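Peer 1: Pasting start_1.pdb here (PDB, C-alpha atoms, pLDDT in the B column):
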```pdb
MODEL        1
ATOM      1  CA  MET A   1      62.983 -51.719  29.106  1.00 39.00           C
ATOM      2  CA  THR A   2      66.429 -50.546  30.105  1.00 37.00           C
ATOM      3  CA  THR A   3      67.225 -47.330  31.871  1.00 44.00           C
ATOM      4  CA  PRO A   4      70.427 -45.427  31.054  1.00 41.00           C
ATOM      5  CA  ILE A   5      72.783 -44.515  33.850  1.00 38.00           C
ATOM      6  CA  SER A   6      74.606 -41.214  33.646  1.00 41.00           C
ATOM      7  CA  VAL A   7      76.696 -38.930  35.806  1.00 39.00           C
ATOM      8  CA  SER A   8      75.599 -35.554  37.140  1.00 43.00           C
ATOM      9  CA  SER A   9      77.854 -32.513  37.227  1.00 40.00           C
ATOM     10  CA  ALA A  10      78.844 -33.525  40.754  1.00 40.00           C
ATOM     11  CA  GLY A  11      79.949 -36.962  39.612  1.00 37.00           C
ATOM     12  CA  ARG A  12      77.025 -38.767  41.263  1.00 42.00           C
ATOM     13  CA  ARG A  13      75.442 -41.597  39.312  1.00 38.00           C
ATOM     14  CA  PHE A  14      71.698 -41.672  38.913  1.00 43.00           C
ATOM     15  CA  ALA A  15      69.069 -43.412  36.813  1.00 46.00           C
ATOM     16  CA  ARG A  16      67.372 -41.527  33.999  1.00 56.00           C
ATOM     17  CA  PRO A  17      64.032 -43.193  33.217  1.00 60.00           C
ATOM     18  CA  THR A  18      63.213 -43.146  29.517  1.00 68.00           C
ATOM     19  CA  ASN A  19      59.839 -41.452  30.162  1.00 89.00           C
ATOM     20  CA  VAL A  20      61.560 -38.388  31.635  1.00 93.00           C
ATOM     21  CA  ARG A  21      62.278 -37.123  28.116  1.00 92.00           C
ATOM     22  CA  TRP A  22      58.606 -37.325  27.130  1.00 94.00           C
ATOM     23  CA  ALA A  23      57.633 -35.560  30.341  1.00 96.00           C
ATOM     24  CA  GLY A  24      60.155 -32.855  29.493  1.00 97.00           C
ATOM     25  CA  TRP A  25      58.711 -32.274  26.034  1.00 97.00           C
ATOM     26  CA  LEU A  26      55.166 -32.057  27.408  1.00 98.00           C
ATOM     27  CA  CYS A  27      56.267 -29.618  30.095  1.00 98.00           C
ATOM     28  CA  LEU A  28      58.299 -27.494  27.701  1.00 98.00           C
ATOM     29  CA  TRP A  29      55.416 -27.030  25.277  1.00 98.00           C
ATOM     30  CA  ALA A  30      52.854 -26.595  28.042  1.00 98.00           C
ATOM     31  CA  GLY A  31      54.992 -23.865  29.559  1.00 98.00           C
ATOM     32  CA  LEU A  32      55.589 -22.061  26.276  1.00 98.00           C
ATOM     33  CA  LEU A  33      51.979 -22.327  25.111  1.00 98.00           C
ATOM     34  CA  GLY A  34      50.719 -21.347  28.559  1.00 98.00           C
ATOM     35  CA  SER A  35      52.794 -18.184  28.442  1.00 98.00           C
ATOM     36  CA  ALA A  36      51.620 -17.496  24.887  1.00 98.00           C
ATOM     37  CA  SER A  37      48.003 -17.932  26.017  1.00 98.00           C
ATOM     38  CA  GLY A  38      48.520 -15.273  28.662  1.00 98.00           C
ATOM     39  CA  ALA A  39      49.946 -12.919  26.058  1.00 98.00           C
ATOM     40  CA  LEU A  40      46.956 -13.603  23.813  1.00 98.00           C
ATOM     41  CA  LEU A  41      44.544 -12.618  26.573  1.00 98.00           C
ATOM     42  CA  LEU A  42      46.424  -9.338  26.971  1.00 98.00           C
ATOM     43  CA  VAL A  43      46.070  -8.330  23.326  1.00 97.00           C
ATOM     44  CA  VAL A  44      42.733  -9.846  22.290  1.00 97.00           C
ATOM     45  CA  PRO A  45      39.955  -7.272  21.748  1.00 96.00           C
ATOM     46  CA  LYS A  46      37.844  -6.831  24.884  1.00 96.00           C
ATOM     47  CA  SER A  47      34.383  -8.249  24.143  1.00 97.00           C
ATOM     48  CA  VAL A  48      32.741  -7.865  27.556  1.00 97.00           C
ATOM     49  CA  PRO A  49      32.929  -5.433  30.506  1.00 97.00           C
ATOM     50  CA  ASP A  50      35.585  -6.099  33.133  1.00 95.00           C
ATOM     51  CA  ASP A  51      32.907  -7.037  35.690  1.00 96.00           C
ATOM     52  CA  ARG A  52      32.283 -10.293  33.817  1.00 97.00           C
ATOM     53  CA  PHE A  53      34.138 -13.423  34.952  1.00 98.00           C
ATOM     54  CA  SER A  54      34.850 -14.298  31.318  1.00 98.00           C
ATOM     55  CA  TYR A  55      36.651 -10.965  30.705  1.00 98.00           C
ATOM     56  CA  PRO A  56      37.995 -10.195  28.147  1.00 98.00           C
ATOM     57  CA  LEU A  57      36.152 -12.915  26.203  1.00 98.00           C
ATOM     58  CA  GLU A  58      32.528 -13.656  25.482  1.00 98.00           C
ATOM     59  CA  ALA A  59      31.129 -16.928  26.824  1.00 98.00           C
ATOM     60  CA  GLY A  60      31.934 -19.066  23.761  1.00 98.00           C
ATOM     61  CA  PRO A  61      35.647 -18.215  23.432  1.00 98.00           C
ATOM     62  CA  PHE A  62      35.948 -18.257  27.239  1.00 98.00           C
ATOM     63  CA  ILE A  63      34.675 -21.838  27.391  1.00 98.00           C
ATOM     64  CA  ALA A  64      37.101 -22.853  24.652  1.00 98.00           C
ATOM     65  CA  ILE A  65      40.124 -21.375  26.396  1.00 98.00           C
ATOM     66  CA  GLN A  66      39.074 -22.886  29.739  1.00 98.00           C
ATOM     67  CA  VAL A  67      39.009 -26.333  28.127  1.00 98.00           C
ATOM     68  CA  TRP A  68      42.476 -25.604  26.748  1.00 98.00           C
ATOM     69  CA  PHE A  69      43.747 -24.502  30.165  1.00 98.00           C
ATOM     70  CA  GLY A  70      42.358 -27.643  31.795  1.00 98.00           C
ATOM     71  CA  VAL A  71      44.101 -29.903  29.272  1.00 98.00           C
ATOM     72  CA  HIS A  72      47.242 -27.762  29.326  1.00 98.00           C
ATOM     73  CA  HIS A  73      47.759 -28.237  33.073  1.00 98.00           C
ATOM     74  CA  PHE A  74      48.306 -31.953  32.536  1.00 98.00           C
ATOM     75  CA  GLY A  75      51.386 -31.043  30.498  1.00 98.00           C
ATOM     76  CA  LEU A  76      52.684 -29.176  33.535  1.00 98.00           C
ATOM     77  CA  LEU A  77      51.750 -32.187  35.640  1.00 98.00           C
ATOM     78  CA  ALA A  78      53.911 -34.350  33.385  1.00 97.00           C
ATOM     79  CA  GLY A  79      56.813 -31.994  34.053  1.00 98.00           C
ATOM     80  CA  GLN A  80      56.318 -32.281  37.805  1.00 98.00           C
ATOM     81  CA  TYR A  81      56.329 -36.060  37.468  1.00 96.00           C
ATOM     82  CA  GLY A  82      59.465 -35.873  35.321  1.00 96.00           C
ATOM     83  CA  LEU A  83      61.296 -33.781  37.914  1.00 97.00           C
ATOM     84  CA  TRP A  84      60.452 -36.373  40.557  1.00 96.00           C
ATOM     85  CA  ARG A  85      61.508 -39.313  38.384  1.00 94.00           C
ATOM     86  CA  ALA A  86      64.751 -37.544  37.471  1.00 94.00           C
ATOM     87  CA  GLY A  87      65.569 -37.112  41.157  1.00 94.00           C
ATOM     88  CA  ALA A  88      65.532 -33.322  40.963  1.00 96.00           C
ATOM     89  CA  LEU A  89      63.243 -33.142  44.007  1.00 96.00           C
ATOM     90  CA  GLY A  90      65.468 -35.271  46.183  1.00 93.00           C
ATOM     91  CA  ARG A  91      64.383 -38.395  47.995  1.00 92.00           C
ATOM     92  CA  GLY A  92      62.863 -39.201  51.362  1.00 95.00           C
ATOM     93  CA  ARG A  93      59.575 -38.767  53.205  1.00 97.00           C
ATOM     94  CA  TRP A  94      59.430 -34.971  53.040  1.00 97.00           C
ATOM     95  CA  ALA A  95      60.454 -34.838  49.395  1.00 97.00           C
ATOM     96  CA  ALA A  96      57.739 -37.363  48.545  1.00 97.00           C
ATOM     97  CA  ALA A  97      55.181 -35.397  50.581  1.00 98.00           C
ATOM     98  CA  GLY A  98      56.104 -32.167  48.779  1.00 98.00           C
ATOM     99  CA  HIS A  99      55.886 -33.873  45.400  1.00 98.00           C
ATOM    100  CA  GLN A 100      52.464 -35.346  46.210  1.00 98.00           C
ATOM    101  CA  LEU A 101      51.156 -32.002  47.465  1.00 98.00           C
ATOM    102  CA  ALA A 102      52.281 -30.242  44.281  1.00 98.00           C
ATOM    103  CA  PHE A 103      50.931 -33.105  42.154  1.00 98.00           C
ATOM    104  CA  TRP A 104      47.427 -33.034  43.595  1.00 98.00           C
ATOM    105  CA  GLY A 105      47.467 -29.263  43.661  1.00 98.00           C
ATOM    106  CA  MET A 106      47.989 -29.266  39.899  1.00 98.00           C
ATOM    107  CA  VAL A 107      45.217 -31.843  39.469  1.00 98.00           C
ATOM    108  CA  LEU A 108      42.869 -29.575  41.441  1.00 98.00           C
ATOM    109  CA  LEU A 109      43.950 -26.600  39.341  1.00 98.00           C
ATOM    110  CA  ALA A 110      43.148 -28.498  36.131  1.00 98.00           C
ATOM    111  CA  VAL A 111      39.732 -29.575  37.448  1.00 98.00           C
ATOM    112  CA  THR A 112      38.962 -26.019  38.556  1.00 98.00           C
ATOM    113  CA  GLU A 113      39.576 -24.757  35.003  1.00 98.00           C
ATOM    114  CA  PHE A 114      36.799 -27.051  33.795  1.00 98.00           C
ATOM    115  CA  VAL A 115      34.483 -26.160  36.689  1.00 98.00           C
ATOM    116  CA  ALA A 116      34.975 -22.462  35.872  1.00 98.00           C
ATOM    117  CA  ILE A 117      33.179 -22.989  32.563  1.00 98.00           C
ATOM    118  CA  GLU A 118      29.889 -22.907  34.480  1.00 97.00           C
ATOM    119  CA  ALA A 119      30.603 -19.307  35.497  1.00 98.00           C
ATOM    120  CA  ALA A 120      31.147 -18.073  31.932  1.00 97.00           C
ATOM    121  CA  GLU A 121      28.343 -15.496  32.160  1.00 96.00           C
ATOM    122  CA  SER A 122      28.650 -14.692  35.858  1.00 98.00           C
ATOM    123  CA  LEU A 123      29.388 -11.268  37.263  1.00 97.00           C
ATOM    124  CA  TYR A 124      32.730 -10.843  38.984  1.00 97.00           C
ATOM    125  CA  PRO A 125      32.899 -10.859  41.920  1.00 96.00           C
ATOM    126  CA  SER A 126      29.888 -12.946  42.907  1.00 97.00           C
ATOM    127  CA  GLY A 127      29.136 -15.870  45.186  1.00 96.00           C
ATOM    128  CA  ARG A 128      29.897 -18.357  42.419  1.00 95.00           C
ATOM    129  CA  THR A 129      33.201 -16.766  41.454  1.00 97.00           C
ATOM    130  CA  ASP A 130      34.218 -16.473  45.122  1.00 97.00           C
ATOM    131  CA  ILE A 131      34.105 -20.275  45.315  1.00 98.00           C
ATOM    132  CA  LEU A 132      36.205 -20.540  42.164  1.00 98.00           C
ATOM    133  CA  ASP A 133      38.722 -18.048  43.528  1.00 97.00           C
ATOM    134  CA  ALA A 134      39.007 -20.180  46.669  1.00 98.00           C
ATOM    135  CA  LEU A 135      39.612 -23.325  44.611  1.00 98.00           C
ATOM    136  CA  TYR A 136      42.221 -21.567  42.493  1.00 98.00           C
ATOM    137  CA  GLY A 137      43.889 -20.293  45.652  1.00 97.00           C
ATOM    138  CA  VAL A 138      43.992 -23.671  47.408  1.00 98.00           C
ATOM    139  CA  ALA A 139      45.359 -25.393  44.301  1.00 98.00           C
ATOM    140  CA  THR A 140      48.051 -22.795  43.675  1.00 98.00           C
ATOM    141  CA  VAL A 141      49.165 -22.671  47.317  1.00 98.00           C
ATOM    142  CA  ALA A 142      49.416 -26.479  47.343  1.00 98.00           C
ATOM    143  CA  ILE A 143      51.641 -26.398  44.261  1.00 98.00           C
ATOM    144  CA  GLY A 144      53.779 -23.636  45.726  1.00 98.00           C
ATOM    145  CA  VAL A 145      54.238 -25.235  49.143  1.00 98.00           C
ATOM    146  CA  GLY A 146      54.872 -28.642  47.595  1.00 98.00           C
ATOM    147  CA  PHE A 147      57.590 -27.307  45.331  1.00 98.00           C
ATOM    148  CA  VAL A 148      59.182 -25.265  48.122  1.00 98.00           C
ATOM    149  CA  VAL A 149      59.422 -28.344  50.353  1.00 98.00           C
ATOM    150  CA  ALA A 150      60.601 -30.799  47.692  1.00 98.00           C
ATOM    151  CA  GLY A 151      62.673 -28.165  45.888  1.00 98.00           C
ATOM    152  CA  ALA A 152      64.581 -27.251  49.052  1.00 98.00           C
ATOM    153  CA  ILE A 153      65.415 -30.916  49.567  1.00 97.00           C
ATOM    154  CA  GLY A 154      66.386 -31.212  45.916  1.00 97.00           C
ATOM    155  CA  VAL A 155      68.852 -28.338  46.278  1.00 97.00           C
ATOM    156  CA  ARG A 156      70.691 -30.285  48.990  1.00 95.00           C
ATOM    157  CA  ARG A 157      70.137 -33.893  47.985  1.00 93.00           C
ATOM    158  CA  GLY A 158      68.898 -33.914  44.390  1.00 93.00           C
ATOM    159  CA  THR A 159      70.617 -35.209  41.277  1.00 91.00           C
ATOM    160  CA  TYR A 160      71.767 -31.798  40.086  1.00 92.00           C
ATOM    161  CA  ALA A 161      74.735 -29.909  41.495  1.00 90.00           C
ATOM    162  CA  ASP A 162      74.732 -26.859  39.185  1.00 94.00           C
ATOM    163  CA  TRP A 163      72.164 -24.084  38.591  1.00 96.00           C
ATOM    164  CA  ARG A 164      69.524 -26.657  37.563  1.00 96.00           C
ATOM    165  CA  ARG A 165      68.990 -27.726  41.165  1.00 96.00           C
ATOM    166  CA  TRP A 166      67.309 -24.384  41.895  1.00 98.00           C
ATOM    167  CA  ILE A 167      64.548 -24.712  39.275  1.00 98.00           C
ATOM    168  CA  PRO A 168      61.990 -26.719  41.336  1.00 98.00           C
ATOM    169  CA  LEU A 169      62.485 -24.420  44.325  1.00 98.00           C
ATOM    170  CA  ALA A 170      62.117 -21.370  42.064  1.00 98.00           C
ATOM    171  CA  ILE A 171      58.791 -22.727  40.721  1.00 98.00           C
ATOM    172  CA  GLY A 172      57.506 -22.941  44.291  1.00 98.00           C
ATOM    173  CA  VAL A 173      58.864 -19.631  45.574  1.00 98.00           C
ATOM    174  CA  TYR A 174      57.566 -17.819  42.474  1.00 98.00           C
ATOM    175  CA  VAL A 175      53.986 -18.683  43.496  1.00 98.00           C
ATOM    176  CA  PHE A 176      54.300 -16.490  46.581  1.00 98.00           C
ATOM    177  CA  VAL A 177      56.683 -13.850  45.213  1.00 97.00           C
ATOM    178  CA  PRO A 178      55.997 -12.373  42.723  1.00 97.00           C
ATOM    179  CA  MET A 179      52.922 -14.219  41.407  1.00 98.00           C
ATOM    180  CA  PHE A 180      50.464 -13.743  44.292  1.00 97.00           C
ATOM    181  CA  PRO A 181      51.070  -9.969  44.474  1.00 97.00           C
ATOM    182  CA  ALA A 182      50.688  -9.860  40.681  1.00 97.00           C
ATOM    183  CA  LEU A 183      47.394 -11.766  40.833  1.00 96.00           C
ATOM    184  CA  VAL A 184      45.805  -9.172  43.114  1.00 94.00           C
ATOM    185  CA  SER A 185      47.208  -6.209  41.188  1.00 96.00           C
ATOM    186  CA  GLY A 186      44.701  -6.458  38.355  1.00 95.00           C
ATOM    187  CA  PHE A 187      44.128  -8.245  35.073  1.00 96.00           C
ATOM    188  CA  VAL A 188      47.365  -7.220  33.349  1.00 97.00           C
ATOM    189  CA  GLY A 189      49.560  -7.934  36.364  1.00 98.00           C
ATOM    190  CA  ALA A 190      47.906 -11.325  36.871  1.00 97.00           C
ATOM    191  CA  ARG A 191      48.503 -12.354  33.269  1.00 98.00           C
ATOM    192  CA  LEU A 192      52.149 -11.255  33.413  1.00 98.00           C
ATOM    193  CA  GLY A 193      52.700 -13.093  36.694  1.00 98.00           C
ATOM    194  CA  ILE A 194      51.259 -16.334  35.340  1.00 98.00           C
ATOM    195  CA  MET A 195      53.238 -15.977  32.112  1.00 98.00           C
ATOM    196  CA  GLY A 196      56.470 -15.837  34.115  1.00 98.00           C
ATOM    197  CA  TRP A 197      55.453 -18.964  36.049  1.00 98.00           C
ATOM    198  CA  MET A 198      54.800 -20.798  32.799  1.00 98.00           C
ATOM    199  CA  LEU A 199      58.262 -19.881  31.529  1.00 98.00           C
ATOM    200  CA  LEU A 200      59.793 -21.481  34.623  1.00 98.00           C
ATOM    201  CA  TYR A 201      57.917 -24.680  33.793  1.00 98.00           C
ATOM    202  CA  ALA A 202      59.196 -24.434  30.214  1.00 98.00           C
ATOM    203  CA  LEU A 203      62.743 -24.148  31.565  1.00 98.00           C
ATOM    204  CA  ALA A 204      62.162 -27.241  33.718  1.00 98.00           C
ATOM    205  CA  GLY A 205      60.957 -29.108  30.639  1.00 98.00           C
ATOM    206  CA  TRP A 206      64.038 -28.065  28.676  1.00 97.00           C
ATOM    207  CA  VAL A 207      66.284 -29.305  31.489  1.00 96.00           C
ATOM    208  CA  LEU A 208      64.511 -32.677  31.529  1.00 96.00           C
ATOM    209  CA  ILE A 209      64.905 -33.034  27.754  1.00 94.00           C
ATOM    210  CA  ARG A 210      68.564 -32.041  27.870  1.00 90.00           C
ATOM    211  CA  ASP A 211      69.209 -34.281  30.855  1.00 82.00           C
ATOM    212  CA  SER A 212      67.708 -37.337  29.174  1.00 69.00           C
ATOM    213  CA  ARG A 213      70.179 -37.220  26.266  1.00 58.00           C
ATOM    214  CA  PRO A 214      73.474 -39.089  26.495  1.00 49.00           C
ATOM    215  CA  GLU A 215      76.239 -36.745  27.647  1.00 45.00           C
ATOM    216  CA  PRO A 216      79.419 -36.654  25.540  1.00 45.00           C
ATOM    217  CA  GLY A 217      82.484 -37.927  27.345  1.00 43.00           C
ATOM    218  CA  HIS A 218      80.500 -39.744  30.038  1.00 40.00           C
ATOM    219  CA  ASP A 219      80.437 -43.506  30.244  1.00 37.00           C
ATOM    220  CA  SER A 220      76.992 -45.009  30.348  1.00 35.00           C
ATOM    221  CA  ALA A 221      75.611 -48.366  31.278  1.00 33.00           C
ATOM    222  CA  SER A 222      72.186 -49.963  31.522  1.00 32.00           C
ATOM    223  CA  ILE A 223      70.156 -51.690  34.162  1.00 27.00           C
ATOM    224  CA  ALA A 224      67.163 -53.922  33.604  1.00 28.00           C
TER     225      ALA A 224
ENDMDL
END
```
Step by step, read the file and then write its structure as structure tokens.
Peer 2:
Amino acid sequence: MTTPISVSSAGRRFARPTNVRWAGWLCLWAGLLGSASGALLLVVPKSVPDDRFSYPLEAGPFIAIQVWFGVHHFGLLAGQYGLWRAGALGRGRWAAAGHQLAFWGMVLLAVTEFVAIEAAESLYPSGRTDILDALYGVATVAIGVGFVVAGAIGVRRGTYADWRRWIPLAIGVYVFVPMFPALVSGFVGARLGIMGWMLLYALAGWVLIRDSRPEPGHDSASIA
């Protein structure tokens, strides 16, 4: 398979792997549908008291949406992989370490969504949900720190020289401000905070799709 070569807005040449476009599409739709899922949880009729972990859903619908969230996170994971393959996270030991930390953080987040199914009928808070909160926290912090490290390197040494270079760093910084304060502010604030995070992932997916298309006026070549 050949890989097209293109030129960034700074005139630097870089390889665009053909799978970056697919990663972009997966990330775009995961981001958009993730944000839509948050909006749905805000407007759906409340079926249980707010001291239930499954709030606002009964156990059955809660299990269904947890399965969806677990699968959905792998679309975000594809976007993270696409950003790395596109060179948006820079190169080098620290960039690779940041990418790996964010990667495994997202894997842990996806697994935690499935594990949370067991707590569908649990009271909140409780000993069981405290463990889940800890897992969610560790996973999210790992993603945030990983993106801050790799994103900062990408700003200086990544493939993008325009506003796009800030997207990975923004995904990481957003975890700590404003998403963490939103998560502890209550159900509505938490949903809104996560929805904003998902839209940043959707933007990253759109950039990967746009970046993988041939650019008018730029010469291109191929390498084996």
Peer 1: When distances are computed from only C-alpha atoms, which of A:Leu42, A:Val184, A:Met106, A:Ala150 shows the smallest separation from Ala78 of chain A?
Peer 2: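 Smallest distance to Ala78 of chain A is found for A:Met106.
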Peer 1: Using the chain letters and numbering of this document, enumerate as a VMD selection string the residues selected by the PyMOL selection byres ((chain A and resi 34) around 12).
Peer 2: chain A and resid 26 to 33 35 to 41 65 to 66 68 to 76 191 to 202
Peer 1: Which residues, written as a ChimeraX atom specification, have at least one atom at most 9 Å from Ala170 of chain A, with only C-alpha atoms counted and residues fewer than 6 positions away on the same chain left out?
Peer 2: /A:147-148,151,200
Peer 1: Could you expand the PyMOL selection byres ((chain A and resi 124-133) around 12) into the explicit residues it covers here, written as JSON, numbers by chain?
Peer 2: {"A": [48, 49, 50, 51, 52, 53, 54, 55, 108, 109, 111, 112, 113, 114, 115, 116, 117, 118, 119, 120, 121, 122, 123, 134, 135, 136, 137, 138, 139, 140, 183, 184]}
Peer 1: Hey, what comes out of the PyMOL selection byres ((chain A and resi 156) around 12) on this file? Could you write it as a compact mmCIF listing (two decimals) with C-alpha atoms, in the frame of the given file?
Peer 2:
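Dumped to part00.txt:
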```
# COMPACT_ATOMS: atom_id res chain seq x y z
CA GLY A 87 65.57 -37.11 41.16
CA ALA A 88 65.53 -33.32 40.96
CA LEU A 89 63.24 -33.14 44.01
CA GLY A 90 65.47 -35.27 46.18
CA ARG A 91 64.38 -38.40 48.00
CA ALA A 95 60.45 -34.84 49.40
CA VAL A 149 59.42 -28.34 50.35
CA ALA A 150 60.60 -30.80 47.69
CA GLY A 151 62.67 -28.16 45.89
CA ALA A 152 64.58 -27.25 49.05
CA ILE A 153 65.42 -30.92 49.57
CA GLY A 154 66.39 -31.21 45.92
CA VAL A 155 68.85 -28.34 46.28
CA ARG A 157 70.14 -33.89 47.98
CA GLY A 158 68.90 -33.91 44.39
CA THR A 159 70.62 -35.21 41.28
CA TYR A 160 71.77 -31.80 40.09
CA ALA A 161 74.74 -29.91 41.50
CA ASP A 162 74.73 -26.86 39.18
CA ARG A 165 68.99 -27.73 41.16
CA TRP A 166 67.31 -24.38 41.90
CA LEU A 169 62.48 -24.42 44.32
```
Peer 1: A:Ser185, A:Gly24, A:Phe176, A:Ala96: which is nearest Leu83 of chain A, counting all atoms listed in the file?
Peer 2: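 Under the stated criterion, the closest residue is A:Gly24.
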Peer 1: Between atom CA of Ile209 of chain A and atom CA of Arg85 of chain A, what distance in Å does the model show, to one decimal?
Peer 2: 12.8 Å
Peer 1: To one decimal in Å, tell me the separation between atom CA of Val188 of chain A and atom CA of Val44 of chain A.
Peer 2: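 Going from atom CA of Val188 of chain A over to atom CA of Val44 of chain A covers 12.3 Å.
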Peer 1: Is it possible to dump segment 160-200 of chain A as a PDB file, in the first residue's frame, including just C-alpha atoms?
Peer 2:
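Below is the file part-v1.pdb, written as the result:
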```
ATOM      1  CA  TYR A 160       0.401  21.271  11.914  1.00  0.00           C
ATOM      2  CA  ALA A 161       1.439  24.914  12.020  1.00  0.00           C
ATOM      3  CA  ASP A 162      -2.004  26.577  12.135  1.00  0.00           C
ATOM      4  CA  TRP A 163      -4.849  26.430  14.693  1.00  0.00           C
ATOM      5  CA  ARG A 164      -5.108  22.634  14.283  1.00  0.00           C
ATOM      6  CA  ARG A 165      -1.947  22.078  16.307  1.00  0.00           C
ATOM      7  CA  TRP A 166      -3.791  23.158  19.463  1.00  0.00           C
ATOM      8  CA  ILE A 167      -6.543  20.516  19.276  1.00  0.00           C
ATOM      9  CA  PRO A 168      -4.725  17.618  21.043  1.00  0.00           C
ATOM     10  CA  LEU A 169      -3.537  19.952  23.802  1.00  0.00           C
ATOM     11  CA  ALA A 170      -7.067  21.353  24.162  1.00  0.00           C
ATOM     12  CA  ILE A 171      -8.467  17.808  24.580  1.00  0.00           C
ATOM     13  CA  GLY A 172      -6.052  17.259  27.463  1.00  0.00           C
ATOM     14  CA  VAL A 173      -6.434  20.637  29.164  1.00  0.00           C
ATOM     15  CA  TYR A 174     -10.237  20.412  28.911  1.00  0.00           C
ATOM     16  CA  VAL A 175     -10.185  17.361  31.213  1.00  0.00           C
ATOM     17  CA  PHE A 176      -8.926  19.505  34.084  1.00  0.00           C
ATOM     18  CA  VAL A 177     -10.621  22.795  33.178  1.00  0.00           C
ATOM     19  CA  PRO A 178     -13.568  22.890  32.777  1.00  0.00           C
ATOM     20  CA  MET A 179     -14.594  19.209  32.815  1.00  0.00           C
ATOM     21  CA  PHE A 180     -13.478  18.151  36.310  1.00  0.00           C
ATOM     22  CA  PRO A 181     -15.208  21.115  38.000  1.00  0.00           C
ATOM     23  CA  ALA A 182     -18.297  20.335  35.903  1.00  0.00           C
ATOM     24  CA  LEU A 183     -18.242  16.676  36.959  1.00  0.00           C
ATOM     25  CA  VAL A 184     -18.458  17.563  40.650  1.00  0.00           C
ATOM     26  CA  SER A 185     -21.088  20.261  40.135  1.00  0.00           C
ATOM     27  CA  GLY A 186     -23.961  17.825  39.706  1.00  0.00           C
ATOM     28  CA  PHE A 187     -25.680  15.728  37.071  1.00  0.00           C
ATOM     29  CA  VAL A 188     -26.472  18.527  34.612  1.00  0.00           C
ATOM     30  CA  GLY A 189     -23.036  20.125  34.846  1.00  0.00           C
ATOM     31  CA  ALA A 190     -21.341  16.746  34.401  1.00  0.00           C
ATOM     32  CA  ARG A 191     -23.329  15.963  31.266  1.00  0.00           C
ATOM     33  CA  LEU A 192     -22.596  19.392  29.776  1.00  0.00           C
ATOM     34  CA  GLY A 193     -18.891  19.079  30.567  1.00  0.00           C
ATOM     35  CA  ILE A 194     -18.630  15.675  28.907  1.00  0.00           C
ATOM     36  CA  MET A 195     -20.628  16.880  25.904  1.00  0.00           C
ATOM     37  CA  GLY A 196     -18.086  19.653  25.332  1.00  0.00           C
ATOM     38  CA  TRP A 197     -15.230  17.132  25.541  1.00  0.00           C
ATOM     39  CA  MET A 198     -16.927  14.950  22.948  1.00  0.00           C
ATOM     40  CA  LEU A 199     -17.237  17.911  20.588  1.00  0.00           C
ATOM     41  CA  LEU A 200     -13.477  18.448  20.808  1.00  0.00           C
TER      42      LEU A 200
END
```
